[in-house]
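Only one structure is covered here, and it is reproduced in the block below.
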Amino acid sequence: MNISAKLHSLMNDKKSELDASYKIEKNKDNIIVISKNGRALHSKYNINNECKRVLENINKNKNLLIIYGYGLGYILKYLIENINDYFNKEIIKTLKIIVVIEDISVFKYSYNNIYNTDNNNIFFIHKDDSINYINKIVDYKSINGINLVMLPALTKEEKDNANIFYTKILNIVEKEVSNIFTNMYFENIWTKNIIFNSEYINNSSDISLFKEAFKGLKALLICPGPTLKHSIDIIKKERENLLIICVDTSYSVLCKHGIIPDFVITVDGGFFNSLDFVYENTQFPYLVMDIAANKIIPKCIKSNIIRFTSSENLGLIKYIQKFTKLSYLTTSSTVATTMIDFACYLGLDEILLIGFDNSYPFYERHMKHALSYEYMVNKTNKLKTYESYYFNTIRNNTNIDNYPPTEFVFESQMEYFDEYRNKYSNMKIKRITKEAVKINSIEEGQIEDFIINNIRKKSLHIAKSIYKKDNDANIKKAYSELKNLLEEFRNILSNTYDNINNNSCNIDNLYYETMNTVKEYQNKAGILQTILSATILMCDRGERENREKLIFLIMESLRNVNYFLTRISLIIEKL
C-alpha cells in the first residue's frame with residue numbers, strides 16, 4: 001500500500017484510535033457504517049447507490065483521479081471492483097489515483113477491519129501533506145486530465161479544501177502542458193537553426209578544447225548597458241593589454257569605437273541580434289556560438305567559430321552527438337549570464353563586468369549604437385522599450401510622475417545575483433557600477449586592475465594553439481540517415497491514412513496501433529521527440545471519437561515530418 005510518510009507516522013500514533021465521538025453500527029444491508037459526532041460518513045441505506053452517485057461524473061479519458069475524503073473506503077473499493085465501467089482500457093494502463101485522508105482514526109480502522117489495497121497506482125496521502133510530495137509521485141507530463149471525487153459526508157470546510165487541493169494540482173498540470181507547447185514552439189525554431197548551422201560544424205571547434213585553457217588570466221566581460229560609455233576611452237587606450245569577451249549586442253558598439261573584441265558570445269541569436277552582425281562586419285578572432293543560434297549570424301562573419309550547445313536534451317543534439325563532438329555548456333537564461341558561464345568554463349581567475357547594468361537610473365536604454373536595440377526601438381512601432389512598460393505600470397499605481405529609482409522596480413532581481421558567490425566560487429567577479437544600481441553580492445572593480453602587458457597577444461596565442469576544426473565529422477552521413485528514417489515514417493503514416501476507410505470496423509485498434517508507431521519513431525528520430533509529444537498529448541486529452549483523433553494524429557505527425565524533411569534535404573545539398 002502506497003502511504004505517505006506523514007500518513008504512516010500518524011497511523012502509528014496512539015492518538016489515532018477511535019474515541020467516544022465515533023459510533024460504529026451496521027446498516028440495513030448488514031454493512032458496517034460509522035458516524036462522527038452524530039454525522040454519518042456513509043449512507044445507512046444503500047452504500048452501492050452512494051458510490052454510483054459519487055462516481056457518475058467521472059470522465060473516462062482522464063488518467064488522474066483525486067478522491068478527497070476516504071471514510072471507510074467503500075467508494076475506492078467499489079471503483080476498483082468496477083473499474084472498466086469508469087475508465088477506458090487504455091486509460092487504465094496509465095491511471096493514477098490519489099486518495100486524500102481527512103480523518104486518520106477512521107482510515108486506520110478501515111485499513112485494519114474493512115478494506116486496504118496494494119494496488120501500485122493508488123497513493124494514500126494526508127490532507128496536510130505538502131504539494132511537493134504529490135510532485136514526486138506524479139509525472140505531470142503523462143497526465144491528460146484530472147477527475148475529482150469527494151466523500152459526500154465532507155463538511156463545507158473540507159469540501160473547500162478539496163477544491164483548493166484540486167486547483168493546485170490542476171495548475172501544475174496545466175503549467176506542464178504549457179511548458180510542452182512552449183518547448184514545442186521554441187524547439188521548432190532551435191532545431192531549424194541547428195539543421196542550417198550544421199554546415200559550419202566541419203569548420204568549427206568544439207568548446208571542450210577550451211576548458212580551463214585560460215587559467216590564471218583576467219578578462220573584461222562587456223555588455224552594451226549605458227554605463228559602458230564611461231569605459232570606452234580607457235579600453236581603447238589599453239586595448240592590447242586587455243582580454244575582451246563580449247555579448248553579440250555589444251559587438252557593434254565596440255567596433256564603432258575602434259575596439260575589436262577577442263571573443264563574441266551569441267546564444268539563441270534572435271533576428272534582432274543578427275542585425276549587429278549584418279551591419280557591422282569588422283572581423284574579430286572568435287565567435288562562441290550556440291549551435292541553435294540564428295542561422296544568419298555564421299553566414300555574416302568570417303571569424304573562427306567555437307561551437308557549443310545549451311540544450312543538452314534536445315532530440316537533434318543527441319542525434320548529432322553520435323556523429324561528432326558537440327559539448328554542453330551549462331548556461332543561464334541570458335546571453336550576458338552565458339558569457340559569465342563561458343568565462344568560468346575557460347578557467348579565468350577574475351572577470352570585470354562592464355555595461356552589465358541590469359537596471360539603471362531613469363531607465364536609460366542600451367547604448368544607442370547597438371544596432372539591434374536601435375532597430376527594435378525606433379523601426380518597429382509594435383514594440384515598446386522596457387522603460388515604457390515599467391514606468392506606465394508604476395505611474396498608474398502610484399503618485400510618481402518621474403521615473404522612479406530602479407531599486408523600487410528591480411529589487412526582486414537582486415536575489416538572483418546573491419547566488420553568484422556560490423555558483424562561481426572559483427572565479428572572482430567584479431563589476432563597474434557607475435550610474436547603475438549596485439549589486440551587493442558583486443564587488444566593485446576598476447579596469448586598471450585588469451591591465452596586463454600583452455595579455456591579448458598571449459590569450460590569442462593560447463586559443464590558436466588549441467583551436468581545431470572538425471574536418472572529419474561526417475555530418476552529411478548523419479542527415480542522410482535521418483532523412484531515410486523520416487521518409488520511412490512518412491510512408492507508414494501515409495499508408496495508414498489511405499487505409500482508414502478500409503478499417504472502419506477496427507478503428508480503435510488502428511488508432512492505438514498508429515499511436516504506438518508514432519511513439520516508436522518519436523524515439524528513433526529524436527528530432528521529433530518534443531514536437532510529437534505535443535501531438536500525442538492533444539490526442540490523449542481530446543474527447544473526440546477515435547476516428548477523428550486518428551486523422552489528427554496522422555496529419556499532425558505528417559506535417560512535422562515534412563517540415564523537417566524539407567530542411568534536412570536543403571542542408572544535405574550544402575554539405
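By order in the C-alpha cells, chains are A, B, ...; within a chain, residues start at 1; ligands start at 1, following the order shown.
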Q.
Residues near Asn59 of chain A, anyone? I mean within 8 Å using only C-alpha atoms, not counting same-chain ones fewer than 6 positions away, as JSON, numbers by chain.
A. {"A": [86, 87, 147]}
Using N, CA, C and O atoms, can you export the residues from the last selection as a PDB file, in the first residue's frame?
```
ATOM      1  N   TYR A  86     -15.736   2.739 -15.564  1.00  0.00           N
ATOM      2  CA  TYR A  86     -15.430   4.151 -15.334  1.00  0.00           C
ATOM      3  C   TYR A  86     -14.255   4.682 -16.159  1.00  0.00           C
ATOM      4  O   TYR A  86     -14.116   5.895 -16.333  1.00  0.00           O
ATOM      5  N   PHE A  87     -13.413   3.783 -16.656  1.00  0.00           N
ATOM      6  CA  PHE A  87     -12.278   4.244 -17.439  1.00  0.00           C
ATOM      7  C   PHE A  87     -12.073   3.339 -18.656  1.00  0.00           C
ATOM      8  O   PHE A  87     -12.292   2.135 -18.585  1.00  0.00           O
ATOM      9  N   ASN A 147      -9.842  14.058 -12.588  1.00  0.00           N
ATOM     10  CA  ASN A 147     -11.182  13.912 -12.027  1.00  0.00           C
ATOM     11  C   ASN A 147     -11.100  14.132 -10.520  1.00  0.00           C
ATOM     12  O   ASN A 147     -10.144  13.691  -9.876  1.00  0.00           O
TER      13      ASN A 147
END
```
Q. Can you tell me, as a list in words, what residues are no more than 12 Å from Asn499 of chain A when counting only C-alpha atoms, ignoring any on the same chain fewer than 5 positions away?
A. Ile492, Leu493, Ser494, Ser504, Cys505, Asn506, Ile507, Leu510, Tyr511, Thr514, Arg547, Leu550, Ile551 and Ile554 of chain A
Keeping only C-alpha atoms, take the residues you just selected and write them out as a PDB file, in the first residue's frame.
```pdb
ATOM      1  CA  ILE A 492       3.868   4.386 -42.906  1.00  0.00           C
ATOM      2  CA  LEU A 493       1.692   7.352 -41.919  1.00  0.00           C
ATOM      3  CA  SER A 494       0.534   7.914 -45.488  1.00  0.00           C
ATOM      4  CA  SER A 504     -13.910   1.314 -40.200  1.00  0.00           C
ATOM      5  CA  CYS A 505     -14.816  -1.690 -38.033  1.00  0.00           C
ATOM      6  CA  ASN A 506     -11.420  -1.760 -36.315  1.00  0.00           C
ATOM      7  CA  ILE A 507     -10.799   1.980 -35.991  1.00  0.00           C
ATOM      8  CA  LEU A 510      -5.913   1.187 -35.798  1.00  0.00           C
ATOM      9  CA  TYR A 511      -5.762   4.287 -33.611  1.00  0.00           C
ATOM     10  CA  THR A 514      -0.781   4.166 -35.011  1.00  0.00           C
ATOM     11  CA  ARG A 547     -11.503   8.170 -35.870  1.00  0.00           C
ATOM     12  CA  LEU A 550      -6.525   9.132 -35.608  1.00  0.00           C
ATOM     13  CA  ILE A 551      -6.829  11.554 -38.519  1.00  0.00           C
ATOM     14  CA  ILE A 554      -1.586  11.237 -38.671  1.00  0.00           C
TER      15      ILE A 554
END
```
Q) Which is closest to Phe356 of chain A among A:Lys430, A:Lys477, A:Lys211, A:Arg307, if we use only C-alpha atoms? A) A:Lys430
Q | One-decimal distance in Å that lies between atom CA of Glu419 of chain A and atom CA of Ile245 of chain A | A |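 Rounded to one decimal, the two atoms are 22.2 Å apart.
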Q: Name all residues at most 7 Å from segment 461-475 of chain A (count only C-alpha atoms; drop same-chain ones fewer than 2 positions away) and give them as a ChimeraX atom specification.
A: /A:201-205,209,323-324,457-459,477-479
(Q) I'd like the neighbourhood of segment 2-6 of chain A as a ChimeraX atom specification, where a residue qualifies if any of its atoms comes within 10 Å (using only C-alpha atoms), though same-chain residues fewer than 2 positions away should be ignored. (A) /A:8-11,98-99,117-130,133-134
Need to verify the contact set: segment 277-294 of chain A, 6 Å, only C-alpha atoms, exclusion of same-chain residues closer than 5 positions in sequence. Can you return it as an mmCIF file with C-alpha atoms, in the first residue's frame?
```cif
data_model
loop_
_atom_site.group_PDB
_atom_site.id
_atom_site.type_symbol
_atom_site.label_atom_id
_atom_site.label_comp_id
_atom_site.auth_asym_id
_atom_site.auth_seq_id
_atom_site.Cartn_x
_atom_site.Cartn_y
_atom_site.Cartn_z
ATOM 1 C CA TRP A 190 16.122 25.884 -32.398
ATOM 2 C CA ASN A 193 18.637 26.690 -36.767
ATOM 3 C CA ILE A 194 20.699 23.645 -35.767
ATOM 4 C CA SER A 252 28.760 46.730 -32.990
ATOM 5 C CA ASP A 262 38.528 38.762 -28.826
ATOM 6 C CA PHE A 263 35.502 36.550 -28.187
ATOM 7 C CA VAL A 264 31.876 37.340 -29.052
ATOM 8 C CA ILE A 265 29.107 35.261 -27.446
ATOM 9 C CA THR A 266 25.790 34.511 -29.146
ATOM 10 C CA VAL A 267 23.185 32.121 -27.766
ATOM 11 C CA ASP A 268 19.751 31.839 -29.352
ATOM 12 C CA GLY A 269 20.605 34.826 -31.519
ATOM 13 C CA GLY A 270 17.179 36.126 -32.457
ATOM 14 C CA SER A 303 35.624 34.560 -37.571
ATOM 15 C CA ASN A 304 36.689 31.197 -36.175
ATOM 16 C CA ILE A 305 33.663 29.509 -34.612
ATOM 17 C CA ILE A 306 33.726 27.804 -31.229
ATOM 18 C CA ARG A 307 30.526 25.805 -31.014
ATOM 19 C CA PHE A 308 28.567 24.529 -28.023
ATOM 20 C CA THR A 309 25.033 23.541 -27.145
#
```
Q.
as a list in words, please: the residues near Glu312 of chain A (cut-off 12 Å, only C-alpha atoms, same-chain neighbours under 3 positions excluded).
A. Asp290, Ile291, Ala292, Phe308, Thr309, Gly315, Leu316, Ile317, Lys318, Tyr319, Ile320, Gln321, Leu326, Ser327, Tyr328, Leu329, Thr330 and Thr331 of chain A
Q | Top pick for closest residue to Leu570 of chain A, considering A:Ser480, A:Asn88, A:Ser105, A:Ser21 and counting only C-alpha atoms | A |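 Of A:Ser480, A:Asn88, A:Ser105, A:Ser21, the one nearest Leu570 of chain A is A:Ser480, counting only C-alpha atoms.
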Q: Point out the residue among A:Phe196, A:Cys300, A:Asn241, A:Gly73 with the least atom-to-atom distance to Asn112 of chain A, counting only C-alpha atoms.
A: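 Once distances to Asn112 of chain A are computed over only C-alpha atoms, the minimum belongs to A:Gly73.
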Q | Residues within 10 Å of Asp85 of chain A, only C-alpha atoms, excluding chain neighbours under 5 positions, as a PyMOL selection string | A | chain A and resi 56+60+79-80
Go ahead and dump the residues you just picked, C-alpha atoms, as an mmCIF file, in the first residue's frame.
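Below is the file that was written, out.cif:
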```cif
data_model
loop_
_atom_site.group_PDB
_atom_site.id
_atom_site.type_symbol
_atom_site.label_atom_id
_atom_site.label_comp_id
_atom_site.auth_asym_id
_atom_site.auth_seq_id
_atom_site.Cartn_x
_atom_site.Cartn_y
_atom_site.Cartn_z
ATOM 1 C CA GLU A 56 -21.159 9.118 -12.053
ATOM 2 C CA LYS A 60 -13.295 8.181 -18.775
ATOM 3 C CA LEU A 79 -14.412 1.842 -8.085
ATOM 4 C CA ILE A 80 -11.673 -0.808 -8.225
#
```
Q | A:Cys246, A:Arg53, A:Arg541, A:Glu238 ranked by distance to Ile146 of chain A, top pick (using only C-alpha atoms) | A |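 Closest candidate: A:Arg541.
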**Q.** Two-atom distance - atom CA of Ile351 of chain A, atom CA of Ser208 of chain A (Å)
**A.**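 Atom CA of Ser208 of chain A lies 20.5 Å from atom CA of Ile351 of chain A.
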Q: Could you check which of A:Ser142, A:Ser178, A:Asn491, A:Thr191 is closest to Thr517 of chain A, using only C-alpha atoms?
A: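 Going through A:Ser142, A:Ser178, A:Asn491, A:Thr191 one by one, the smallest distance to Thr517 of chain A is for A:Asn491.
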